[in-house]
file model_5.tsv (TSV, C-alpha atoms and all ligand atoms)
chain	number	residue	atom	x	y	z
A	76	MET	CA	201.82	194.09	220.49
A	77	ARG	CA	203.58	197.04	222.10
A	78	ILE	CA	204.98	200.37	220.95
A	79	ARG	CA	208.77	200.75	220.73
A	80	SER	CA	210.02	204.32	220.69
A	81	ASN	CA	213.23	205.37	219.03
A	82	THR	CA	214.52	208.09	216.71
A	83	TYR	CA	213.15	208.19	213.16
A	84	GLN	CA	216.68	207.56	211.88
A	85	LYS	CA	217.18	204.45	214.03
A	86	VAL	CA	213.75	202.99	213.29
A	87	SER	CA	214.26	203.49	209.55
A	88	HIS	CA	217.73	201.96	209.72
A	89	GLN	CA	216.48	198.92	211.63
A	90	ILE	CA	213.67	198.23	209.15
A	91	ALA	CA	215.97	198.76	206.18
A	92	ASN	CA	218.27	196.14	207.72
A	93	TYR	CA	215.41	193.62	208.02
A	94	ILE	CA	214.66	194.16	204.33
A	95	HIS	CA	218.34	193.97	203.39
A	96	LYS	CA	218.73	190.59	205.05
A	97	LYS	CA	215.57	189.09	203.50
A	98	ALA	CA	216.45	190.35	200.03
A	99	ASN	CA	219.97	188.98	200.14
A	100	ASP	CA	218.82	185.67	201.68
A	101	SER	CA	216.40	185.22	198.77
A	102	ILE	CA	219.15	185.14	196.17
A	103	ASN	CA	219.48	181.37	196.28
A	104	GLY	CA	215.95	180.51	197.28
A	105	GLU	CA	212.35	181.64	197.08
A	106	HIS	CA	211.45	185.13	195.91
A	107	PHE	CA	211.23	187.73	198.67
A	108	ILE	CA	207.83	189.45	198.62
A	109	LEU	CA	207.91	192.98	200.01
A	110	GLY	CA	204.85	195.14	200.70
A	111	LEU	CA	205.56	198.86	200.49
A	112	ALA	CA	203.94	202.08	201.65
A	113	THR	CA	204.17	205.68	200.44
A	114	GLY	CA	203.77	209.02	202.24
A	115	SER	CA	206.25	210.79	204.51
A	116	THR	CA	206.83	207.95	206.96
A	117	PRO	CA	208.78	205.39	204.86
A	118	HIS	CA	210.91	208.02	203.10
A	119	GLN	CA	213.99	207.41	205.25
A	120	ILE	CA	213.74	203.62	204.90
A	121	TYR	CA	213.98	204.06	201.13
A	122	GLU	CA	216.93	206.42	201.49
A	123	GLU	CA	218.69	203.77	203.58
A	124	LEU	CA	217.90	201.03	201.07
A	125	LYS	CA	219.31	203.12	198.25
A	126	SER	CA	222.59	203.53	200.13
A	127	MET	CA	222.98	199.80	200.86
A	128	ASP	CA	224.49	197.14	198.68
A	129	ILE	CA	221.44	194.94	198.20
A	130	ASP	CA	220.62	192.45	195.49
A	131	PHE	CA	216.89	192.88	194.85
A	132	SER	CA	216.87	190.66	191.77
A	133	ARG	CA	214.59	188.12	193.46
A	134	THR	CA	212.48	190.71	195.30
A	135	ILE	CA	208.90	191.32	194.13
A	136	THR	CA	207.15	194.37	195.56
A	137	PHE	CA	203.46	195.14	196.08
A	138	ASN	CA	202.50	198.67	197.03
A	139	LEU	CA	199.59	199.18	199.39
A	140	ASP	CA	197.61	201.71	197.41
A	141	GLU	CA	197.29	204.17	194.55
A	142	TYR	CA	195.08	207.17	193.84
A	143	VAL	CA	192.28	206.79	191.29
A	144	GLY	CA	192.81	209.09	188.32
A	145	LEU	CA	196.54	209.92	188.64
A	146	ASN	CA	198.78	208.15	186.12
A	147	GLU	CA	202.42	207.27	186.74
A	148	ASN	CA	203.66	210.54	185.27
A	149	HIS	CA	201.79	212.56	187.87
A	150	PRO	CA	204.27	213.61	190.59
A	151	GLN	CA	201.76	212.76	193.33
A	152	SER	CA	200.91	209.30	192.02
A	153	TYR	CA	202.38	206.57	194.18
A	154	LYS	CA	203.93	204.90	191.14
A	155	TYR	CA	205.85	208.11	190.43
A	156	PHE	CA	206.88	208.41	194.11
A	157	MET	CA	208.20	204.85	194.22
A	158	ASN	CA	209.92	204.91	190.82
A	159	LYS	CA	211.75	208.09	191.67
A	160	GLY	CA	212.34	207.32	195.36
A	161	LEU	CA	213.50	203.71	195.14
A	162	PHE	CA	212.78	201.49	192.14
A	163	LYS	CA	214.91	203.34	189.59
A	164	SER	CA	218.07	202.96	191.62
A	165	GLN	CA	217.73	199.24	192.46
A	166	ASN	CA	217.39	196.02	190.47
A	167	PHE	CA	213.98	194.73	191.59
A	168	HIS	CA	212.52	191.63	189.95
A	169	SER	CA	209.14	193.38	189.56
A	170	ASN	CA	207.06	196.14	191.15
A	171	ASN	CA	203.27	195.95	191.46
A	172	PHE	CA	200.55	198.49	192.26
A	173	PRO	CA	196.79	198.08	192.69
A	174	ASP	CA	196.21	200.26	189.63
A	175	GLU	CA	192.94	200.61	187.77
A	176	LYS	CA	193.64	197.55	185.64
A	177	LEU	CA	195.07	195.19	188.27
A	178	TYR	CA	193.27	195.92	191.52
A	179	PRO	CA	190.54	193.24	191.04
A	180	TYR	CA	193.28	190.58	190.77
A	181	TYR	CA	195.66	192.02	193.36
A	182	ASP	CA	194.88	189.65	196.25
A	183	SER	CA	195.25	186.62	193.93
A	184	MET	CA	198.49	188.01	192.51
A	185	ILE	CA	199.89	188.24	196.05
A	186	ASP	CA	198.66	184.75	196.98
A	187	ASN	CA	200.10	183.31	193.77
A	188	VAL	CA	203.65	184.33	194.69
A	189	GLY	CA	203.30	182.93	198.22
A	190	GLY	CA	202.13	185.98	200.19
A	191	ILE	CA	203.89	189.07	201.52
A	192	ASP	CA	206.95	188.34	203.68
A	193	ILE	CA	207.41	191.88	205.04
A	194	GLN	CA	204.78	194.63	204.90
A	195	ILE	CA	205.72	198.22	205.75
A	196	LEU	CA	202.82	200.29	207.10
A	197	GLY	CA	202.18	203.86	208.16
A	198	ILE	CA	199.11	205.01	210.06
A	199	GLY	CA	196.78	207.90	209.27
A	200	THR	CA	195.71	210.43	211.91
A	201	ASN	CA	192.26	208.80	211.71
A	202	GLY	CA	193.70	205.31	212.32
A	203	HIS	CA	193.63	204.16	208.71
A	204	ILE	CA	196.16	201.67	207.34
A	205	ALA	CA	196.70	201.96	203.59
A	206	PHE	CA	193.44	203.68	202.59
A	207	ASN	CA	191.24	201.53	204.83
A	208	GLU	CA	189.32	204.35	206.42
A	209	PRO	CA	187.36	204.14	209.72
A	210	GLY	CA	184.46	201.73	209.32
A	211	THR	CA	186.38	199.27	207.13
A	212	PRO	CA	185.52	195.66	207.97
A	213	ARG	CA	188.17	193.07	208.91
A	214	ASP	CA	187.43	190.91	205.83
A	215	SER	CA	188.01	193.69	203.26
A	216	LYS	CA	190.13	192.96	200.18
A	217	THR	CA	191.77	195.15	197.52
A	218	ARG	CA	189.14	197.51	196.11
A	219	ILE	CA	188.27	201.12	195.25
A	220	VAL	CA	187.39	203.30	198.24
A	221	ASP	CA	186.22	206.87	198.87
A	222	LEU	CA	188.72	208.91	200.88
A	223	THR	CA	187.45	210.67	204.00
A	224	GLU	CA	187.60	214.45	204.44
A	225	ASN	CA	190.27	213.88	207.09
A	226	THR	CA	192.54	211.97	204.68
A	227	ILE	CA	191.99	214.43	201.83
A	228	LYS	CA	192.94	217.26	204.19
A	229	ASP	CA	196.03	215.43	205.54
A	230	ASN	CA	197.24	214.60	202.02
A	231	SER	CA	196.56	218.07	200.61
A	232	ARG	CA	200.02	219.10	201.87
A	233	PHE	CA	201.50	217.26	198.88
A	234	PHE	CA	199.28	219.08	196.33
A	235	ASP	CA	199.01	222.72	195.23
A	236	SER	CA	195.43	222.88	196.47
A	237	ILE	CA	192.99	220.61	198.31
A	238	ASP	CA	190.79	220.50	195.19
A	239	GLU	CA	193.51	218.56	193.39
A	240	VAL	CA	193.55	215.68	195.90
A	241	PRO	CA	191.83	212.63	194.40
A	242	THR	CA	188.70	211.58	196.27
A	243	GLN	CA	189.12	207.86	195.61
A	244	ALA	CA	191.90	205.32	195.76
A	245	MET	CA	192.61	201.65	195.16
A	246	THR	CA	193.83	200.01	198.34
A	247	MET	CA	194.73	196.62	199.76
A	248	GLY	CA	192.08	195.60	202.29
A	249	ILE	CA	192.53	194.78	205.96
A	250	ASN	CA	192.35	191.10	205.11
A	251	THR	CA	195.02	191.51	202.42
A	252	ILE	CA	197.34	193.24	204.89
A	253	MET	CA	196.65	190.80	207.75
A	254	LYS	CA	197.82	187.87	205.59
A	255	SER	CA	201.37	189.32	205.54
A	256	LYS	CA	203.88	187.17	207.42
A	257	ALA	CA	205.54	190.12	209.18
A	258	ILE	CA	204.29	193.70	209.53
A	259	TYR	CA	206.25	196.80	210.61
A	260	LEU	CA	203.99	199.72	211.50
A	261	ILE	CA	205.70	203.07	211.87
A	262	ALA	CA	204.20	206.27	213.25
A	263	GLN	CA	206.29	209.38	213.04
A	264	GLY	CA	205.40	212.66	214.74
A	265	LYS	CA	203.57	213.72	217.90
A	266	HIS	CA	200.34	214.16	215.92
A	267	LYS	CA	200.28	210.35	215.49
A	268	LYS	CA	200.89	209.41	219.13
A	269	GLU	CA	197.32	209.37	220.39
A	270	ILE	CA	195.87	207.37	217.49
A	271	LEU	CA	198.80	204.94	217.66
A	272	GLU	CA	198.10	204.29	221.35
A	273	ARG	CA	194.42	203.72	220.59
A	274	ALA	CA	195.36	201.30	217.79
A	275	VAL	CA	197.78	199.29	219.90
A	276	TYR	CA	196.21	199.37	223.37
A	277	GLY	CA	192.56	200.25	222.71
A	278	GLU	CA	189.50	198.30	221.62
A	279	ILE	CA	189.77	196.33	218.37
A	280	THR	CA	187.23	198.07	216.18
A	281	PRO	CA	186.63	198.99	212.52
A	282	GLU	CA	186.50	202.61	213.74
A	283	VAL	CA	190.29	202.37	214.22
A	284	PRO	CA	191.32	200.11	211.32
A	285	ALA	CA	194.92	199.81	212.61
A	286	SER	CA	193.54	198.18	215.79
A	287	PHE	CA	193.00	194.95	213.81
A	288	LEU	CA	196.79	194.57	213.84
A	289	GLN	CA	196.50	193.54	217.52
A	290	GLU	CA	195.28	190.21	216.12
A	291	HIS	CA	198.35	189.76	213.92
A	292	PRO	CA	200.90	187.24	215.27
A	293	ASN	CA	203.96	189.09	214.00
A	294	CYS	CA	203.46	192.86	213.95
A	295	GLU	CA	206.08	195.25	215.35
A	296	VAL	CA	205.10	198.84	216.07
A	297	PHE	CA	207.53	201.78	216.15
A	298	TYR	CA	207.02	205.37	217.24
A	299	SER	CA	209.33	208.35	216.83
A	300	ASP	CA	208.63	212.00	217.75
B	401	LIG	P1	202.23	209.77	206.19
B	401	LIG	O1	200.90	208.95	205.89
B	401	LIG	O2	203.34	208.78	206.22
B	401	LIG	O3	202.37	210.70	205.02
B	401	LIG	O4	202.03	210.46	207.50
B	401	LIG	C1	200.63	207.78	206.58
B	401	LIG	C2	199.25	207.31	206.25
B	401	LIG	O5	198.35	208.13	206.02
B	401	LIG	O6	199.03	206.09	206.24

call {"tool": "encode", "arguments": {"input": "model_5.tsv", "output": "C-alpha cells", "more": "lines below"}}
Ligand code: PGA
result
Amino acid sequence: MRIRSNTYQKVSHQIANYIHKKANDSINGEHFILGLATGSTPHQIYEELKSMDIDFSRTITFNLDEYVGLNENHPQSYKYFMNKGLFKSQNFHSNNFPDEKLYPYYDSMIDNVGGIDIQILGIGTNGHIAFNEPGTPRDSKTRIVDLTENTIKDNSRFFDSIDEVPTQAMTMGINTIMKSKAIYLIAQGKHKKEILERAVYGEITPEVPASFLQEHPNCEVFYSD
C-alpha cells in the first residue's frame, strides 16, 4: 500500500470512473455492490457521478455508518445527506444503511448479496475508518459505538452547536470493511496528512484503525492537499 497524491478533483474523477465502469458492466450480469461514505471527502465523487450517464439499476449500495437518534429527515443524518446528494438523482436498485432496525443484520445482508465490490472510505483525524474509533479490534462487525471527543469535535462543524452532535453511531466494523473486494481510501486536506502516513506506513495497530488496511490485498490510497 502506498499513498498517491493528486488534486481533489482528479482523485474524485478517477474514483467516479471506477464506479461508472462497474455499474455499467453490471447491467447484464451480477449486481454491483457499492459501499459508500459520507462527510466532506466523498462530496466531489458524488457530484461527478451525478453528472455522468450511468445505469445504476443493478447497483446496490451500503453506507458505512449512521448516527444514532437522527432520522432521515434530519439534515445531518447520513440518509438525508445521501438521498439529497446522490440517490434522488440516480436510479439505484436499492440503498441500505446500518440504521437502528437493520444494523444487527447488516453484515449478513452484505454477505447475502455477495460482498462489497468497491468501498469508498475517508479517514478521521484520529485514524478512524467509518466510526471505528481508536482501540477498535480487527474482528469488529457492524454495531453501535460511542463517538470519541475528537470525532464529536470534528463533526460539530456540520451542526449549529457541539451539543447537537450525536454521541453514538451505528457503523460497519473493521472486519466488515476488510471483506470488501476493493477499497479506495481518500484523505483530503493537510490536517489529514500525518495520520494518513501513520496509517499507511506505520505500525498496524487498533490505535490507528485505518492501519489495518495495510493487510488488505486491494486497497488504493489517495491524498490531496
Ligand atoms: P470528512 O470525514 O470526510 O468529513 O473529513 C472523514 C471521516 O471522519 O471519516

call {"tool": "residues_near_ligand", "arguments": {"input": "model_5.tsv", "ligand": "ligand LIG 401 (chain B)", "cutoff": "9 Å", "atoms": "all atoms listed in the file", "output": "list in words"}}
result
Ala112, Thr113, Gly114, Ser115, Thr116, Pro117, His118, Leu196, Gly197, Ile198, Gly199, Thr200, Asn201, Gly202, His203, Ile204, Ala205, Phe206, Thr226, Asp229, Asn230, Ile261, Ala262, Gln263, Gly264 and Lys267 of chain A

call {"tool": "closest_residue", "arguments": {"input": "model_5.tsv", "among": "A:Leu288, A:Ala244, A:Leu177, A:Val296", "to": "Lys268 (chain A)", "atoms": "only C-alpha atoms"}}
result
A:Val296

call {"tool": "residues_around", "arguments": {"input": "model_5.tsv", "residues": "Asp128 (chain A)", "least_positions_apart": "3", "cutoff": "9 Å", "atoms": "all atoms listed in the file", "output": "CSV table (one decimal) with C-alpha atoms, in the frame of the given file"}}
result
chain,number,residue,atom,x,y,z
A,95,HIS,CA,218.3,194.0,203.4
A,124,LEU,CA,217.9,201.0,201.1
A,125,LYS,CA,219.3,203.1,198.2

call {"tool": "residues_around", "arguments": {"input": "model_5.tsv", "residues": "Ile78 (chain A)", "least_positions_apart": "3", "cutoff": "9 Å", "atoms": "all atoms listed in the file", "output": "PyMOL selection string"}}
result
chain A and resi 271-272+275+295-298

call {"tool": "residues_around", "arguments": {"input": "model_5.tsv", "residues": "Lys97 (chain A)", "least_positions_apart": "3", "cutoff": "9 Å", "atoms": "all atoms listed in the file", "output": "ChimeraX atom specification"}}
result
/A:92-94,100-101,107,134,192-193

call {"tool": "atom_distance", "arguments": {"input": "model_5.tsv", "atom1": "CA of Ser286 (chain A)", "atom2": "CA of Ile270 (chain A)"}}
result
9.6 Å

call {"tool": "residues_around", "arguments": {"input": "model_5.tsv", "residues": "His168 (chain A)", "least_positions_apart": "6", "cutoff": "7 Å", "atoms": "only C-alpha atoms", "output": "list in words"}}
result
Phe131, Ser132, Arg133, Thr134 and Ile135 of chain A

call {"tool": "closest_residue", "arguments": {"input": "model_5.tsv", "among": "A:Asp130, A:Asp300, A:Glu269, A:Asp238", "to": "Phe167 (chain A)", "atoms": "all atoms listed in the file"}}
result
A:Asp130

call {"tool": "closest_residue", "arguments": {"input": "model_5.tsv", "among": "A:Gly160, A:Gly144, A:Pro241, A:Pro209", "to": "Glu122 (chain A)", "atoms": "all atoms listed in the file"}}
result
A:Gly160

call {"tool": "atom_distance", "arguments": {"input": "model_5.tsv", "atom1": "CA of Asn293 (chain A)", "atom2": "CA of Asn171 (chain A)"}}
result
23.6 Å

call {"tool": "atom_distance", "arguments": {"input": "model_5.tsv", "atom1": "CA of Val220 (chain A)", "atom2": "CA of Asp186 (chain A)"}}
result
21.7 Å

call {"tool": "closest_residue", "arguments": {"input": "model_5.tsv", "among": "A:Phe287, A:Tyr178, A:Tyr83, A:Phe234", "to": "Glu123 (chain A)", "atoms": "all atoms listed in the file"}}
result
A:Tyr83

call {"tool": "closest_residue", "arguments": {"input": "model_5.tsv", "among": "A:Asp140, A:Met76, A:Gln119, A:Phe162", "to": "Ala285 (chain A)", "atoms": "all atoms listed in the file"}}
result
A:Met76

call {"tool": "closest_residue", "arguments": {"input": "model_5.tsv", "among": "A:Met157, A:Gln194, A:Val188, A:Asn138", "to": "Thr217 (chain A)", "atoms": "all atoms listed in the file"}}
result
A:Asn138

call {"tool": "build_atoms", "arguments": {"input": "model_5.tsv", "residues": "region 98-117 of chain A", "atoms": "N, CA and C atoms", "output": "CSV table (one decimal), in the frame of the given file"}}
result
chain,number,residue,atom,x,y,z
A,98,ALA,N,216.2,190.3,201.5
A,98,ALA,CA,216.4,190.4,200.0
A,98,ALA,C,217.7,189.5,199.7
A,99,ASN,N,218.7,189.7,200.5
A,99,ASN,CA,220.0,189.0,200.1
A,99,ASN,C,219.8,187.5,200.4
A,100,ASP,N,219.1,187.1,201.4
A,100,ASP,CA,218.8,185.7,201.7
A,100,ASP,C,218.1,185.0,200.5
A,101,SER,N,217.3,185.8,199.8
A,101,SER,CA,216.4,185.2,198.8
A,101,SER,C,217.2,184.9,197.5
A,102,ILE,N,218.4,185.3,197.4
A,102,ILE,CA,219.2,185.1,196.2
A,102,ILE,C,219.2,183.7,195.7
A,103,ASN,N,219.4,182.8,196.7
A,103,ASN,CA,219.5,181.4,196.3
A,103,ASN,C,218.2,180.6,196.6
A,104,GLY,N,217.1,181.3,196.9
A,104,GLY,CA,216.0,180.5,197.3
A,104,GLY,C,214.7,181.1,196.7
A,105,GLU,N,213.7,181.1,197.5
A,105,GLU,CA,212.4,181.6,197.1
A,105,GLU,C,212.5,183.1,196.8
A,106,HIS,N,211.5,183.7,196.0
A,106,HIS,CA,211.4,185.1,195.9
A,106,HIS,C,211.1,185.8,197.3
A,107,PHE,N,211.6,187.0,197.5
A,107,PHE,CA,211.2,187.7,198.7
A,107,PHE,C,210.1,188.7,198.2
A,108,ILE,N,209.0,188.6,199.0
A,108,ILE,CA,207.8,189.4,198.6
A,108,ILE,C,207.7,190.6,199.6
A,109,LEU,N,207.8,191.8,199.1
A,109,LEU,CA,207.9,193.0,200.0
A,109,LEU,C,206.7,193.9,199.8
A,110,GLY,N,206.0,194.2,200.8
A,110,GLY,CA,204.8,195.1,200.7
A,110,GLY,C,205.3,196.5,201.1
A,111,LEU,N,205.0,197.5,200.3
A,111,LEU,CA,205.6,198.9,200.5
A,111,LEU,C,204.5,199.9,200.7
A,112,ALA,N,204.9,201.0,201.4
A,112,ALA,CA,203.9,202.1,201.6
A,112,ALA,C,204.5,203.4,201.1
A,113,THR,N,203.7,204.4,200.9
A,113,THR,CA,204.2,205.7,200.4
A,113,THR,C,203.9,206.7,201.5
A,114,GLY,N,204.0,208.0,201.2
A,114,GLY,CA,203.8,209.0,202.2
A,114,GLY,C,205.1,209.4,202.9
A,115,SER,N,205.0,210.3,203.9
A,115,SER,CA,206.2,210.8,204.5
A,115,SER,C,207.0,209.7,205.3
A,116,THR,N,206.2,208.9,206.0
A,116,THR,CA,206.8,208.0,207.0
A,116,THR,C,207.9,207.0,206.4
A,117,PRO,N,207.7,206.3,205.3
A,117,PRO,CA,208.8,205.4,204.9
A,117,PRO,C,209.9,206.0,204.1
